[in-house]
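Dumped input_12.cif below, it's mmCIF, C-alpha atoms and all ligand atoms:
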data_upload
#
loop_
_atom_site.label_atom_id
_atom_site.label_comp_id
_atom_site.auth_asym_id
_atom_site.auth_seq_id
_atom_site.Cartn_x
_atom_site.Cartn_y
_atom_site.Cartn_z
CA MET A 160 58.43 213.68 50.47
CA THR A 161 55.26 212.69 48.60
CA ASN A 162 51.97 212.37 50.45
CA GLN A 163 52.21 208.60 50.13
CA HIS A 164 55.69 208.64 51.66
CA VAL A 165 54.37 210.66 54.58
CA LEU A 166 51.74 207.98 55.27
CA ASN A 167 54.31 205.22 54.88
CA GLN A 168 56.70 206.50 57.56
CA PRO A 169 57.15 204.16 60.53
CA LEU A 170 55.85 205.43 63.85
CA VAL A 171 58.03 204.92 66.92
CA LEU A 172 56.12 205.05 70.19
CA GLN A 173 57.73 206.53 73.29
CA ASN A 174 58.41 203.00 74.58
CA GLY A 175 60.35 202.17 71.39
CA VAL A 176 57.61 200.02 69.78
CA VAL A 177 57.51 200.55 66.00
CA ILE A 178 54.32 200.66 63.93
CA ASN A 179 55.06 200.18 60.22
CA ASN A 180 53.14 203.17 58.90
CA ARG A 181 50.74 205.95 59.82
CA LEU A 182 47.43 204.26 59.04
CA CYS A 183 45.30 202.49 61.60
CA LYS A 184 42.11 200.52 61.19
CA ALA A 185 40.13 201.94 64.09
CA ALA A 186 37.98 199.72 66.30
CA MET A 187 34.79 198.45 64.70
CA GLY A 188 32.51 195.98 66.46
CA GLU A 189 32.46 192.87 64.26
CA ASP A 190 29.30 191.16 65.56
CA LEU A 191 30.92 187.82 64.72
CA ALA A 192 31.55 186.26 68.12
CA LYS A 193 29.30 183.45 69.46
CA LYS A 194 28.37 183.82 73.12
CA GLY A 195 31.43 186.05 73.43
CA LYS A 196 33.77 183.44 71.95
CA ILE A 197 36.13 183.83 69.00
CA THR A 198 34.81 182.24 65.79
CA PRO A 199 36.53 181.20 62.52
CA GLN A 200 34.83 184.24 60.94
CA LEU A 201 36.68 186.56 63.29
CA ILE A 202 39.97 184.90 62.43
CA GLN A 203 39.18 185.16 58.71
CA LEU A 204 38.25 188.84 59.10
CA TYR A 205 41.49 189.71 60.85
CA GLU A 206 43.47 187.71 58.33
CA ALA A 207 41.91 189.93 55.63
CA TRP A 208 42.58 193.14 57.56
CA GLY A 209 46.12 191.91 58.26
CA LYS A 210 46.65 192.39 54.52
CA SER A 211 44.93 195.78 54.47
CA GLY A 212 48.14 197.76 54.42
CA ALA A 213 47.46 199.42 57.81
CA GLY A 214 50.34 199.35 60.29
CA LEU A 215 47.95 199.16 63.23
CA LEU A 216 44.68 197.27 63.63
CA ILE A 217 42.43 197.74 66.64
CA THR A 218 39.76 195.14 67.36
CA GLY A 219 36.12 195.98 67.92
CA ASN A 220 35.33 196.51 71.57
CA VAL A 221 35.83 193.38 73.64
CA MET A 222 33.66 192.93 76.73
CA VAL A 223 35.06 192.19 80.19
CA ASN A 224 31.90 190.57 81.59
CA LYS A 225 29.44 188.24 79.83
CA ASN A 226 26.66 189.76 81.92
CA ALA A 227 27.38 193.21 80.52
CA MET A 228 27.41 192.83 76.74
CA GLY A 229 27.43 195.81 74.39
CA GLY A 230 26.19 193.63 71.54
CA LYS A 231 25.12 190.04 71.00
CA GLY A 232 28.03 189.25 68.67
CA ALA A 233 30.70 191.06 70.69
CA MET A 234 33.77 189.21 71.93
CA CYS A 235 34.00 188.71 75.68
CA ILE A 236 37.26 187.77 77.41
CA GLU A 237 36.92 187.05 81.11
CA ASP A 238 39.71 184.49 81.43
CA GLU A 239 42.09 182.32 79.37
CA SER A 240 39.48 179.78 78.24
CA ASP A 241 39.51 181.10 74.65
CA ILE A 242 43.24 181.78 74.43
CA GLN A 243 43.98 179.28 71.64
CA ALA A 244 41.47 180.96 69.32
CA LEU A 245 42.74 184.39 70.37
CA LYS A 246 46.27 183.31 69.46
CA LYS A 247 45.04 182.27 66.01
CA MET A 248 43.30 185.60 65.57
CA ALA A 249 46.38 187.58 66.65
CA ASN A 250 48.59 185.52 64.36
CA ALA A 251 46.24 185.89 61.39
CA ALA A 252 46.24 189.66 61.78
CA GLN A 253 49.92 190.11 62.48
CA LYS A 254 51.71 187.67 60.19
CA ASN A 255 52.19 190.31 57.51
CA GLY A 256 53.68 192.90 59.85
CA ALA A 257 50.64 194.80 61.15
CA GLN A 258 50.09 195.10 64.90
CA LEU A 259 46.81 194.00 66.44
CA TRP A 260 45.68 195.78 69.60
CA MET A 261 42.63 194.68 71.57
CA GLN A 262 40.06 197.32 72.48
CA ILE A 263 38.57 196.61 75.92
CA ASN A 264 35.20 197.91 77.02
CA HIS A 265 32.33 197.80 79.48
CA PRO A 266 29.08 199.22 78.08
CA GLY A 267 27.57 200.47 81.34
CA ARG A 268 24.09 201.81 80.57
CA GLN A 269 24.60 201.52 76.78
CA ALA A 270 23.54 197.87 76.88
CA THR A 271 20.19 196.50 75.81
CA THR A 272 17.89 194.55 78.09
CA SER A 273 17.24 192.07 75.26
CA ILE A 274 20.71 190.58 75.85
CA ASN A 275 21.47 191.61 79.45
CA LYS A 276 19.43 190.67 82.53
CA GLU A 277 20.42 193.92 84.21
CA THR A 278 22.47 196.93 83.28
CA TYR A 279 24.83 198.87 85.51
CA ALA A 280 26.07 202.44 85.46
CA PRO A 281 27.73 205.01 87.72
CA SER A 282 24.28 206.44 88.53
CA VAL A 283 20.64 205.70 87.78
CA VAL A 284 20.44 207.82 84.64
CA PRO A 285 18.56 205.77 82.02
CA LEU A 286 19.28 205.98 78.34
CA LYS A 287 16.27 206.45 76.07
CA PRO A 288 14.33 204.53 74.90
CA LYS A 289 13.92 202.90 78.30
CA ALA A 290 12.12 199.97 76.63
CA VAL A 291 15.41 199.10 74.91
CA PHE A 292 18.02 200.01 77.52
CA GLY A 293 16.06 199.59 80.77
CA ILE A 294 16.93 201.40 83.97
CA PRO A 295 20.54 200.86 85.07
CA LYS A 296 21.45 199.95 88.61
CA GLU A 297 23.96 202.13 90.39
CA LEU A 298 27.27 200.32 90.76
CA THR A 299 28.45 199.74 94.32
CA HIS A 300 32.01 200.53 95.35
CA ASN A 301 32.92 196.83 95.31
CA GLU A 302 31.34 196.31 91.88
CA ILE A 303 33.42 199.21 90.54
CA LEU A 304 36.59 197.61 91.91
CA GLU A 305 35.58 194.30 90.32
CA ILE A 306 35.19 195.91 86.89
CA ILE A 307 38.62 197.52 87.20
CA THR A 308 40.10 194.10 87.96
CA ARG A 309 38.31 192.68 84.92
CA PHE A 310 39.83 195.31 82.59
CA GLY A 311 43.26 194.31 83.87
CA LYS A 312 42.58 190.58 83.43
CA THR A 313 41.35 190.96 79.86
CA ALA A 314 44.41 193.04 78.98
CA LEU A 315 46.70 190.36 80.39
CA VAL A 316 44.95 187.65 78.34
CA ALA A 317 45.40 189.83 75.22
CA LYS A 318 49.11 190.10 75.94
CA LYS A 319 49.45 186.36 76.57
CA ALA A 320 47.60 185.61 73.32
CA GLY A 321 50.11 187.66 71.33
CA PHE A 322 48.20 190.88 70.76
CA LYS A 323 50.79 193.63 70.50
CA GLY A 324 48.86 196.17 72.57
CA VAL A 325 45.54 197.08 74.15
CA GLN A 326 43.21 200.02 73.98
CA ILE A 327 40.85 201.17 76.74
CA HIS A 328 37.51 202.29 75.28
CA GLY A 329 37.08 205.57 77.09
CA ALA A 330 34.86 207.15 74.42
CA HIS A 331 31.38 206.98 72.86
CA GLY A 332 29.29 207.01 76.03
CA TYR A 333 30.30 203.61 77.43
CA LEU A 334 31.10 203.03 81.10
CA ILE A 335 34.32 205.03 81.25
CA SER A 336 32.64 207.94 79.44
CA GLN A 337 29.70 207.60 81.83
CA PHE A 338 32.02 208.03 84.81
CA LEU A 339 33.68 211.05 83.19
CA SER A 340 30.50 212.92 82.28
CA GLY A 341 28.62 214.99 84.83
CA LEU A 342 25.39 214.12 82.99
CA THR A 343 25.67 210.41 83.77
CA ASN A 344 27.83 210.45 86.90
CA LYS A 345 25.76 211.87 89.78
CA ARG A 346 27.65 210.04 92.51
CA ILE A 347 28.70 211.80 95.67
CA ASP A 348 31.25 209.21 96.83
CA GLU A 349 34.90 208.92 95.80
CA TRP A 350 33.88 207.99 92.21
CA GLY A 351 31.93 211.16 91.40
CA GLY A 352 31.01 214.66 92.39
CA SER A 353 34.06 216.76 91.53
CA PHE A 354 35.76 216.47 88.13
CA LYS A 355 38.76 214.90 89.87
CA LYS A 356 36.60 212.16 91.36
CA ARG A 357 34.93 211.50 87.99
CA THR A 358 38.38 210.81 86.52
CA ARG A 359 39.25 208.24 89.18
CA PHE A 360 37.67 205.30 87.36
CA VAL A 361 39.60 205.77 84.11
CA LEU A 362 42.84 206.30 86.00
CA GLU A 363 42.34 203.16 88.08
CA VAL A 364 41.49 201.14 84.96
CA TYR A 365 44.69 202.36 83.30
CA ARG A 366 46.80 201.62 86.39
CA GLU A 367 45.38 198.12 86.76
CA ILE A 368 46.11 197.32 83.11
CA ARG A 369 49.60 198.77 83.34
CA LYS A 370 50.30 196.79 86.51
CA ASN A 371 49.34 193.57 84.68
CA VAL A 372 50.99 194.09 81.29
CA GLY A 373 54.18 195.84 82.36
CA LYS A 374 55.93 199.06 81.37
CA GLU A 375 56.95 198.15 77.83
CA TYR A 376 53.58 196.95 76.52
CA PRO A 377 51.55 199.51 74.50
CA VAL A 378 48.45 200.71 76.31
CA SER A 379 46.21 203.20 74.56
CA ILE A 380 42.90 204.93 75.18
CA LYS A 381 40.15 206.15 72.87
CA ILE A 382 38.67 209.29 74.33
CA ASN A 383 35.99 211.75 73.32
CA SER A 384 36.97 215.29 72.47
CA ALA A 385 33.54 216.05 73.96
CA ASP A 386 30.07 214.53 74.19
CA PHE A 387 28.50 217.58 72.49
CA GLN A 388 25.71 217.58 75.08
CA ARG A 389 24.82 220.41 77.44
CA GLY A 390 26.16 219.54 80.88
CA GLY A 391 28.17 216.64 79.46
CA PHE A 392 31.90 215.97 79.05
CA THR A 393 33.52 219.14 77.67
CA GLU A 394 36.63 219.80 75.56
CA GLU A 395 38.32 221.41 78.55
CA GLU A 396 37.68 218.31 80.64
CA SER A 397 38.91 216.07 77.85
CA ILE A 398 42.18 218.02 77.66
CA LYS A 399 42.61 217.59 81.41
CA VAL A 400 42.05 213.83 81.15
CA ILE A 401 44.56 213.66 78.29
CA LYS A 402 47.11 215.45 80.49
CA LEU A 403 46.44 213.11 83.42
CA LEU A 404 46.81 209.96 81.32
CA SER A 405 49.93 211.30 79.61
CA LYS A 406 51.49 211.87 83.01
CA GLU A 407 50.64 208.29 83.94
CA GLY A 408 52.58 207.08 80.89
CA ILE A 409 49.88 206.01 78.42
CA ASP A 410 51.38 205.21 75.01
CA LEU A 411 48.79 206.44 72.53
CA ILE A 412 45.66 208.57 72.74
CA GLU A 413 42.99 208.27 70.05
CA VAL A 414 40.51 211.14 69.78
CA SER A 415 36.89 210.64 68.77
CA GLY A 416 33.55 212.02 70.00
CA GLY A 417 29.86 211.41 70.65
CA ASN A 418 27.76 208.62 72.14
CA TYR A 419 24.50 206.69 71.50
CA GLU A 420 22.48 209.89 71.95
CA LYS A 421 24.64 211.94 69.61
CA ALA A 422 26.54 209.82 67.11
CA SER A 423 29.23 212.38 66.28
CA MET A 424 31.80 209.58 65.94
CA VAL A 425 30.30 208.73 62.55
CA GLY A 426 29.79 212.36 61.60
CA GLN A 427 26.14 212.82 62.66
CA GLU A 428 24.92 216.15 64.06
CA LEU A 429 28.27 217.89 63.76
CA LYS A 430 28.68 221.68 63.85
CA GLU A 431 28.92 223.38 60.44
CA SER A 432 32.46 224.57 61.22
CA THR A 433 33.52 220.95 61.86
CA LYS A 434 32.03 219.76 58.59
CA LYS A 435 34.25 222.10 56.57
CA ARG A 436 37.31 220.03 57.46
CA GLU A 437 37.55 216.44 56.31
CA ALA A 438 38.38 215.01 59.77
CA TYR A 439 35.67 215.59 62.37
CA PHE A 440 37.64 216.55 65.48
CA SER A 441 40.54 218.29 63.77
CA ASP A 442 40.28 221.54 65.76
CA PHE A 443 40.42 219.62 68.98
CA ILE A 444 43.46 217.53 68.03
CA ILE A 445 45.48 220.73 67.68
CA LYS A 446 44.56 221.66 71.26
CA ALA A 447 45.41 218.14 72.40
CA ARG A 448 48.80 218.40 70.68
CA GLN A 449 49.58 221.50 72.68
CA ALA A 450 48.61 219.71 75.90
CA THR A 451 50.62 216.52 75.52
CA GLU A 452 53.68 214.91 73.99
CA THR A 453 51.99 211.51 73.92
CA THR A 454 51.44 209.89 70.52
CA LEU A 455 48.11 211.07 69.08
CA MET A 456 45.69 209.45 66.69
CA LEU A 457 42.58 211.10 65.24
CA THR A 458 39.68 209.06 63.93
CA GLY A 459 36.59 210.14 62.06
CA GLY A 460 36.13 211.50 58.56
CA PHE A 461 39.62 211.05 57.11
CA ARG A 462 39.29 210.00 53.45
CA SER A 463 41.96 211.66 51.30
CA VAL A 464 45.69 211.11 51.21
CA GLN A 465 46.07 214.88 50.97
CA ALA A 466 44.20 215.66 54.21
CA MET A 467 45.96 212.80 56.04
CA ALA A 468 49.43 213.83 54.87
CA ASP A 469 48.70 217.51 55.65
CA SER A 470 47.76 216.69 59.25
CA LEU A 471 50.88 214.57 59.67
CA ARG A 472 53.13 217.20 58.05
CA GLU A 473 51.64 219.91 60.25
CA ASN A 474 52.48 217.67 63.20
CA GLU A 475 48.89 217.84 64.45
CA LEU A 476 48.90 214.09 65.08
CA ASP A 477 51.03 210.98 64.60
CA ILE A 478 48.71 208.39 63.12
CA ILE A 479 45.45 208.44 61.17
CA GLY A 480 42.53 206.32 62.32
CA MET A 481 39.91 205.16 59.83
CA GLY A 482 36.92 202.95 60.34
CA ARG A 483 34.31 202.64 57.60
CA PRO A 484 36.71 202.63 54.64
CA PHE A 485 38.06 199.28 55.93
CA ALA A 486 34.55 197.83 56.09
CA ARG A 487 33.97 198.74 52.43
CA ASN A 488 37.39 197.95 51.11
CA PRO A 489 39.59 195.59 53.13
CA ILE A 490 42.76 196.72 51.34
CA VAL A 491 42.06 200.43 51.45
CA ALA A 492 45.25 201.35 53.34
CA GLU A 493 47.46 199.65 50.78
CA GLU A 494 45.65 201.41 47.93
CA LEU A 495 46.07 204.81 49.63
CA ILE A 496 49.74 204.29 50.49
CA GLU A 497 50.63 202.92 47.06
CA GLY A 498 48.90 205.81 45.32
CA LYS A 499 46.33 203.60 43.59
CA ILE A 500 43.60 205.85 44.97
CA ALA A 501 43.86 209.43 46.21
CA SER A 502 40.79 209.26 48.40
CA TYR A 503 38.14 206.84 49.63
CA PRO A 504 34.86 208.78 50.05
CA ILE A 505 32.02 207.29 52.09
CA PRO A 506 28.52 208.03 50.77
CA LYS A 507 25.77 208.57 53.33
CA ILE A 508 23.60 205.53 54.01
CA LYS A 509 20.00 206.67 53.64
CA THR A 510 16.43 205.45 53.77
CA GLY A 511 14.96 208.84 52.87
CA VAL A 512 13.27 209.02 56.30
CA LYS A 513 14.93 211.98 58.04
CA MET A 514 14.29 210.72 61.58
CA ILE A 515 16.22 207.54 60.83
CA ASP A 516 18.89 208.98 58.56
CA LYS A 517 20.07 211.56 61.08
CA LYS A 518 20.83 208.86 63.66
CA GLY A 519 24.05 206.89 63.52
CA PHE A 520 22.70 203.36 63.97
CA LEU A 521 21.75 202.77 60.32
CA ASP A 522 25.22 203.75 59.13
CA ILE A 523 26.89 201.58 61.77
CA THR A 524 24.67 198.55 61.04
CA TRP A 525 25.21 198.91 57.28
CA HIS A 526 28.98 198.80 57.83
CA THR A 527 28.69 195.91 60.30
CA HIS A 528 26.91 194.01 57.53
CA GLN A 529 29.97 194.52 55.30
CA ILE A 530 32.39 193.51 58.06
CA LYS A 531 30.45 190.28 58.53
CA ARG A 532 30.67 189.60 54.81
CA ILE A 533 34.46 189.93 54.95
CA GLY A 534 34.52 187.59 57.97
CA ASN A 535 32.53 185.10 55.93
CA GLY A 536 35.05 185.20 53.12
CA LYS A 537 32.96 187.40 50.82
CA GLN A 538 33.65 190.77 49.30
CA PRO A 539 31.69 193.75 50.69
CA ASN A 540 28.48 194.42 48.75
CA LEU A 541 28.31 198.18 48.39
CA LYS A 542 24.96 197.99 46.60
CA VAL A 543 23.07 196.98 49.76
CA SER A 544 20.44 199.66 50.47
CA GLY A 545 19.65 201.47 53.70
CA TRP A 546 16.14 199.99 53.57
CA PHE A 547 17.45 196.45 53.36
CA ILE A 548 19.54 197.03 56.49
CA LEU A 549 16.65 198.70 58.32
CA ARG A 550 14.33 195.77 57.58
CA LYS A 551 17.01 193.36 58.79
CA MET A 552 17.45 195.33 62.00
CA ILE A 553 13.74 195.32 62.72
CA LYS A 554 13.50 191.58 62.10
CA GLU A 555 16.50 190.82 64.31
CA SER A 556 15.25 193.01 67.13
CA ILE A 557 11.88 191.23 67.11
CA PHE A 558 13.55 187.81 67.30
CA SER A 559 16.05 188.84 69.98
CA ARG A 560 13.30 189.86 72.44
CA LYS A 561 12.98 187.64 75.45
C1 LIG A 601 30.37 199.34 62.20
C2 LIG A 601 31.09 200.22 63.18
C3 LIG A 601 31.44 199.71 64.42
C4 LIG A 601 32.15 200.50 65.33
N1 LIG A 601 32.55 199.95 66.50
C5 LIG A 601 33.39 200.65 67.31
C6 LIG A 601 33.98 200.03 68.44
O1 LIG A 601 33.78 198.85 68.73
N2 LIG A 601 34.81 200.78 69.19
C7 LIG A 601 35.10 202.08 68.88
O2 LIG A 601 35.88 202.72 69.59
N3 LIG A 601 34.57 202.68 67.82
C8 LIG A 601 33.74 202.00 67.03
N4 LIG A 601 33.26 202.57 65.88
C9 LIG A 601 33.70 203.94 65.55
C10 LIG A 601 34.94 203.91 64.65
O3 LIG A 601 36.06 203.42 65.32
C11 LIG A 601 35.29 205.33 64.15
O4 LIG A 601 35.55 206.13 65.28
C12 LIG A 601 34.18 205.93 63.30
O5 LIG A 601 33.68 205.00 62.36
C13 LIG A 601 34.66 207.18 62.56
O6 LIG A 601 35.68 206.87 61.67
P1 LIG A 601 35.41 206.81 60.07
O7 LIG A 601 34.79 208.12 59.71
O8 LIG A 601 36.75 206.61 59.46
O9 LIG A 601 34.47 205.68 59.87
C14 LIG A 601 32.49 201.84 65.00
C15 LIG A 601 32.10 202.35 63.75
C16 LIG A 601 31.42 201.56 62.84
C17 LIG A 601 31.06 202.14 61.51
#
Translate this structure into structure tokens?
Amino acid sequence: MTNQHVLNQPLVLQNGVVINNRLCKAAMGEDLAKKGKITPQLIQLYEAWGKSGAGLLITGNVMVNKNAMGGKGAMCIEDESDIQALKKMANAAQKNGAQLWMQINHPGRQATTSINKETYAPSVVPLKPKAVFGIPKELTHNEILEIITRFGKTALVAKKAGFKGVQIHGAHGYLISQFLSGLTNKRIDEWGGSFKKRTRFVLEVYREIRKNVGKEYPVSIKINSADFQRGGFTEEESIKVIKLLSKEGIDLIEVSGGNYEKASMVGQELKESTKKREAYFSDFIIKARQATETTLMLTGGFRSVQAMADSLRENELDIIGMGRPFARNPIVAEELIEGKIASYPIPKIKTGVKMIDKKGFLDITWHTHQIKRIGNGKQPNLKVSGWFILRKMIKESIFSRK
């Protein structure tokens, strides 16, 4: 079988659901919603990605509470009020055979005070700079239960709107990650303390979603291989969580890493040994494979058909996740599968100022700019400089202050 054939094999999930091939557009926040609502730009974007050639598309993280927004332009689904637009979005993405899954998230302390009156987290452990993120309030037991209910509600709306699956955002330092990590979860009640208690929140979120969407509907999670911070979520803990969720019956586990403090998800501050391989968390995925029979996806760094096909042939994983290539080239999956390109390298976005370039936000904002262009019916403009994006960010942050 050629490398392209390997990528083009259908993937059958344990529940019998079939994904057309082994490429997934991983979740990328679109910044195109208005007050949380679906816009024509979002529909246009997903129509474009529906033709990308990827068998699976995962939305950018969708909020469960308009008072806890991860970004100003993030989608927020609290009820069925926006279901008609959601249906259009799901249809636009899926009419050519791809599946669209909704990623569901609560930002916890990774939420700015410029767009949120207050922020909430498992414990009062502020994220720096405090001027941007404020000091989070510790969630009460009842508030935790309310958030769990919200995850379930949003998932049910996704199902009713025709999305073919959902993904829990359990990675990148957001609320679920905050509960899992001993650095951010200092609670001594039933939601924290021991490792087992730190895992309760993610398990309850999964169970609530499953209860609402039923046994046959694909439910996935994106989880960190580790936070790469001393005292934080470790690889060993991640493997244990993977085992727990597999036992519960989760359908697909996507592996990533990092958070706002260490943006390993986009390849920043990785160990030298990790950088030698194309995919960032490739050592970890092998350990995960030994720990579970659940379908596995790895996201971060994959660029060449060769590396993707090798990982699939070696049975290290079942499906390849890619983010940034889809922001630069909305038909990248088709070009890879059809052999038009052998690889899609991503150059580093730079300003030349080390302090800025080593952080992940510039890279993420540069790619968000391209995603917004696609949503507005334009082609990505790969000539846009890091400086242009930085200036834009500064301007927007000044105007968004209360
Ligand atoms: C602009 C942008 C937005 C992102 N938004 C999300 C998100 O909403 N949810 C998520 O799980 N990951 C998000 N990510 C991370 C990607 O899903 C992916 O893990 C990361 O880009 C590494 O994959 P890549 O090397 O193929 O880009 C985002 C990345 C970028 C560049």
Would you list the residues that come within 6 Å of ligand LIG 601 (chain A)? Count all atoms listed in the file and give the answer as a compact mmCIF listing (two decimals) with C-alpha atoms, keeping the file's coordinate frame.
# COMPACT_ATOMS: atom_id res chain seq x y z
CA ALA A 185 40.13 201.94 64.09
CA ALA A 186 37.98 199.72 66.30
CA MET A 187 34.79 198.45 64.70
CA GLY A 188 32.51 195.98 66.46
CA GLY A 219 36.12 195.98 67.92
CA ASN A 220 35.33 196.51 71.57
CA HIS A 328 37.51 202.29 75.28
CA SER A 415 36.89 210.64 68.77
CA MET A 424 31.80 209.58 65.94
CA VAL A 425 30.30 208.73 62.55
CA THR A 458 39.68 209.06 63.93
CA GLY A 459 36.59 210.14 62.06
CA GLY A 460 36.13 211.50 58.56
CA PHE A 461 39.62 211.05 57.11
CA MET A 481 39.91 205.16 59.83
CA GLY A 482 36.92 202.95 60.34
CA ARG A 483 34.31 202.64 57.60
CA ILE A 523 26.89 201.58 61.77
CA THR A 524 24.67 198.55 61.04
CA HIS A 526 28.98 198.80 57.83
CA THR A 527 28.69 195.91 60.30
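Of the residues under consideration (A:Asp469, A:Asp477, A:Glu297, A:Glu413), A:Asp469 shows the shortest atom-to-atom contact distance to Met160 (chain A) when counting all atoms listed in the file.
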**Prompt:** Which neighbours of region 514-520 of chain A fall inside 9 Å, counting only C-alpha atoms, when residues of the same chain fewer than 5 positions from it are skipped, and could you give them as a PyMOL selection string?
**Reply:** chain A and resi 419-428+507-509+525+545
Counting only C-alpha atoms, the residue among A:His300, A:His528, A:Lys374, A:Lys247 that lies closest to Phe547 (chain A) is A:His528
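Contact shell of Glu277 (chain A) at 8 Å (all atoms listed in the file; same-chain neighbours under 4 positions omitted): A:Asn226, A:Ala227, A:Thr272, A:Gly293, A:Pro295, A:Lys296.
Distances to Pro506 (chain A) were evaluated for A:Arg436, A:Lys323, A:Lys210, A:Ser544 using all atoms listed in the file, and the minimum falls at A:Ser544.
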Save region 371-432 of chain A to a file: C-alpha atoms, as a PDB file, in the first residue's frame.
ATOM      1  CA  ASN A 371     -27.471  12.916  27.126  1.00  0.00           C
ATOM      2  CA  VAL A 372     -26.231  11.766  23.719  1.00  0.00           C
ATOM      3  CA  GLY A 373     -26.622   8.007  24.095  1.00  0.00           C
ATOM      4  CA  LYS A 374     -24.330   5.021  23.613  1.00  0.00           C
ATOM      5  CA  GLU A 375     -23.904   5.162  19.846  1.00  0.00           C
ATOM      6  CA  TYR A 376     -22.895   8.817  19.487  1.00  0.00           C
ATOM      7  CA  PRO A 377     -19.134   9.511  19.211  1.00  0.00           C
ATOM      8  CA  VAL A 378     -17.705  11.233  22.270  1.00  0.00           C
ATOM      9  CA  SER A 379     -14.029  12.097  22.274  1.00  0.00           C
ATOM     10  CA  ILE A 380     -11.565  13.902  24.514  1.00  0.00           C
ATOM     11  CA  LYS A 381      -8.448  15.935  23.819  1.00  0.00           C
ATOM     12  CA  ILE A 382      -5.984  15.352  26.598  1.00  0.00           C
ATOM     13  CA  ASN A 383      -2.479  16.491  27.413  1.00  0.00           C
ATOM     14  CA  SER A 384       0.318  13.961  27.418  1.00  0.00           C
ATOM     15  CA  ALA A 385       1.670  16.239  30.170  1.00  0.00           C
ATOM     16  CA  ASP A 386       1.777  19.919  31.106  1.00  0.00           C
ATOM     17  CA  PHE A 387       5.610  19.915  31.108  1.00  0.00           C
ATOM     18  CA  GLN A 388       5.604  21.885  34.372  1.00  0.00           C
ATOM     19  CA  ARG A 389       7.175  20.826  37.648  1.00  0.00           C
ATOM     20  CA  GLY A 390       4.408  19.619  39.953  1.00  0.00           C
ATOM     21  CA  GLY A 391       1.902  19.637  37.082  1.00  0.00           C
ATOM     22  CA  PHE A 392       0.026  16.900  35.218  1.00  0.00           C
ATOM     23  CA  THR A 393       2.494  14.103  34.423  1.00  0.00           C
ATOM     24  CA  GLU A 394       2.691  11.460  31.687  1.00  0.00           C
ATOM     25  CA  GLU A 395       1.951   8.754  34.241  1.00  0.00           C
ATOM     26  CA  GLU A 396      -1.186  10.585  35.343  1.00  0.00           C
ATOM     27  CA  SER A 397      -2.238  11.118  31.750  1.00  0.00           C
ATOM     28  CA  ILE A 398      -1.937   7.385  31.047  1.00  0.00           C
ATOM     29  CA  LYS A 399      -4.113   6.680  34.085  1.00  0.00           C
ATOM     30  CA  VAL A 400      -6.774   9.132  32.869  1.00  0.00           C
ATOM     31  CA  ILE A 401      -6.667   7.531  29.415  1.00  0.00           C
ATOM     32  CA  LYS A 402      -7.260   4.133  31.031  1.00  0.00           C
ATOM     33  CA  LEU A 403     -10.144   5.462  33.127  1.00  0.00           C
ATOM     34  CA  LEU A 404     -11.885   7.089  30.152  1.00  0.00           C
ATOM     35  CA  SER A 405     -11.328   4.025  27.974  1.00  0.00           C
ATOM     36  CA  LYS A 406     -13.023   1.902  30.614  1.00  0.00           C
ATOM     37  CA  GLU A 407     -15.937   4.332  30.619  1.00  0.00           C
ATOM     38  CA  GLY A 408     -16.352   3.779  26.865  1.00  0.00           C
ATOM     39  CA  ILE A 409     -15.003   6.972  25.292  1.00  0.00           C
ATOM     40  CA  ASP A 410     -14.746   6.632  21.502  1.00  0.00           C
ATOM     41  CA  LEU A 411     -11.601   8.558  20.592  1.00  0.00           C
ATOM     42  CA  ILE A 412      -8.713  10.059  22.532  1.00  0.00           C
ATOM     43  CA  GLU A 413      -6.670  12.868  20.999  1.00  0.00           C
ATOM     44  CA  VAL A 414      -3.248  13.522  22.512  1.00  0.00           C
ATOM     45  CA  SER A 415      -1.717  16.991  22.731  1.00  0.00           C
ATOM     46  CA  GLY A 416       0.211  18.905  25.415  1.00  0.00           C
ATOM     47  CA  GLY A 417       0.946  22.237  27.078  1.00  0.00           C
ATOM     48  CA  ASN A 418      -1.080  25.222  28.259  1.00  0.00           C
ATOM     49  CA  TYR A 419      -1.002  29.062  28.217  1.00  0.00           C
ATOM     50  CA  GLU A 420       2.177  29.044  30.327  1.00  0.00           C
ATOM     51  CA  LYS A 421       3.964  26.515  28.139  1.00  0.00           C
ATOM     52  CA  ALA A 422       2.607  26.385  24.609  1.00  0.00           C
ATOM     53  CA  SER A 423       3.914  22.920  23.740  1.00  0.00           C
ATOM     54  CA  MET A 424       0.781  22.252  21.673  1.00  0.00           C
ATOM     55  CA  VAL A 425       2.225  24.463  18.930  1.00  0.00           C
ATOM     56  CA  GLY A 426       5.746  23.160  19.399  1.00  0.00           C
ATOM     57  CA  GLN A 427       7.131  25.839  21.757  1.00  0.00           C
ATOM     58  CA  GLU A 428       9.666  24.936  24.455  1.00  0.00           C
ATOM     59  CA  LEU A 429       9.817  21.255  23.571  1.00  0.00           C
ATOM     60  CA  LYS A 430      12.633  18.948  24.694  1.00  0.00           C
ATOM     61  CA  GLU A 431      15.400  18.372  22.125  1.00  0.00           C
ATOM     62  CA  SER A 432      14.560  14.663  21.952  1.00  0.00           C
TER      63      SER A 432
END
